[in-house]
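Student: Before I ask anything, let me first share the structure, which is written out below as structure tokens.
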Amino acid sequence: MSDNRVTIGAVSAETGCNIETIRFYEKEGLLPKPERSEGGHRLYTNDHVSRLSFVRRCRELGFSMEEIRQLLSLVDGHEVSCERVKRIADDHLADVKAKIADLKKMERSLLDLSATCTGADVPECPMLDVLQA
């Protein structure tokens with residue numbers, strides 16, 4: 001993208017980010033509001049695209065909106081500290097590991113539950129009996 005200001009459609013095409021999502025990030029304050037053309041169209045810069053790409057990558061890694069705000073505040077305040085960034089990432093990683101542990105428990109329970117059933121086409125189902133207990 002050049003230094004020229006471009007429309008939201010061009011930003012969406014370049015980043016792969018849905019137009020409604022771009023507007024949502026603006027509304028949430030993660031993406032600064034762009035200038036507007038005389039016709040009222042949003043006009044985005046390279047800085048908007050870079051920031052949007054950053055937010056999108058964070059979301060792909062499962063960072064919450066609040067965690068992204070914290071990361072952006074470090075960048076915006078020119079207070080980037082590897083220690084602070086690492087703390088945010090490590091806290092997020094701990095949450096991810098806890099979710100994985102919960103999912104593994106759920107998997108084991110479902111495997112055990114499924115093993116109680118033969119899968120035969122009969123009116124009695126041991127899985128339903130367990131779930132209704």
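Just so we're on the same page: first chain in the structure tokens is A, next is B, and so on; residues restart at 1 for each chain, and ligands are numbered from 1 in the order they show up.
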Counting only C-alpha atoms, what is within 10 Å of His41 of chain A, bar same-chain residues fewer than 6 positions away, as a list of chain:residue names?

Tutor: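 Skipping anything fewer than 6 positions along the chain leaves A:Val6, A:Thr7, A:Ile8, A:Pro34, A:Glu35.
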
Student: Could those selected residues go to a file with N, CA and C atoms, as a PDB file, in the first residue's frame?

Tutor:
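Once written, selection19.pdb looks like this:
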```
ATOM      1  N   VAL A   6      -6.566   5.280   1.483  1.00  0.00           N
ATOM      2  CA  VAL A   6      -7.409   4.346   0.739  1.00  0.00           C
ATOM      3  C   VAL A   6      -8.692   4.072   1.499  1.00  0.00           C
ATOM      4  N   THR A   7      -9.647   3.481   0.805  1.00  0.00           N
ATOM      5  CA  THR A   7     -10.959   3.206   1.389  1.00  0.00           C
ATOM      6  C   THR A   7     -10.923   1.954   2.261  1.00  0.00           C
ATOM      7  N   ILE A   8     -11.984   1.788   3.005  1.00  0.00           N
ATOM      8  CA  ILE A   8     -12.102   0.629   3.886  1.00  0.00           C
ATOM      9  C   ILE A   8     -12.094  -0.670   3.078  1.00  0.00           C
ATOM     10  N   PRO A  34     -10.231   7.015  11.123  1.00  0.00           N
ATOM     11  CA  PRO A  34      -9.538   7.620   9.992  1.00  0.00           C
ATOM     12  C   PRO A  34     -10.163   8.957   9.609  1.00  0.00           C
ATOM     13  N   GLU A  35      -9.397   9.695   8.842  1.00  0.00           N
ATOM     14  CA  GLU A  35      -9.967  10.924   8.285  1.00  0.00           C
ATOM     15  C   GLU A  35     -11.052  10.532   7.303  1.00  0.00           C
TER      16      GLU A  35
END
```

Student: Show which residues sit within 10 Å of segment 65-69 of chain A, as number ranges by chain. Count only C-alpha atoms, and ignore same-chain residues fewer than 6 positions away.

Tutor: A: 25, 28-30, 54-56, 58-59, 75-76, 85, 88-89, 91-92

Student: Counting only C-alpha atoms, what is within 10 Å of Cys17 of chain A, bar same-chain residues fewer than 3 positions away, as a ChimeraX atom specification?

Tutor: /A:8-9,11-14,20-22,52-53,56

Student: As a PDB file with N, CA, C and O atoms, in the first residue's frame, please: every residue in chain A that DSSP puts in strand (DSSP E).

Tutor:
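Wrote it out as out.pdb, contents follow:
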```pdb
ATOM      1  N   GLU A  35      -9.397   9.695   8.842  1.00  0.00           N
ATOM      2  CA  GLU A  35      -9.967  10.924   8.285  1.00  0.00           C
ATOM      3  C   GLU A  35     -11.052  10.532   7.303  1.00  0.00           C
ATOM      4  O   GLU A  35     -11.137   9.382   6.880  1.00  0.00           O
ATOM      5  N   ARG A  36     -11.862  11.516   6.941  1.00  0.00           N
ATOM      6  CA  ARG A  36     -12.944  11.256   5.990  1.00  0.00           C
ATOM      7  C   ARG A  36     -12.748  12.115   4.748  1.00  0.00           C
ATOM      8  O   ARG A  36     -12.241  13.230   4.821  1.00  0.00           O
ATOM      9  N   ARG A  42     -14.346   6.852   4.715  1.00  0.00           N
ATOM     10  CA  ARG A  42     -13.165   6.695   5.552  1.00  0.00           C
ATOM     11  C   ARG A  42     -11.938   6.571   4.655  1.00  0.00           C
ATOM     12  O   ARG A  42     -11.967   5.862   3.659  1.00  0.00           O
ATOM     13  N   LEU A  43     -10.847   7.225   5.074  1.00  0.00           N
ATOM     14  CA  LEU A  43      -9.598   7.166   4.317  1.00  0.00           C
ATOM     15  C   LEU A  43      -8.490   6.691   5.250  1.00  0.00           C
ATOM     16  O   LEU A  43      -8.123   7.376   6.193  1.00  0.00           O
TER      17      LEU A  43
END
```
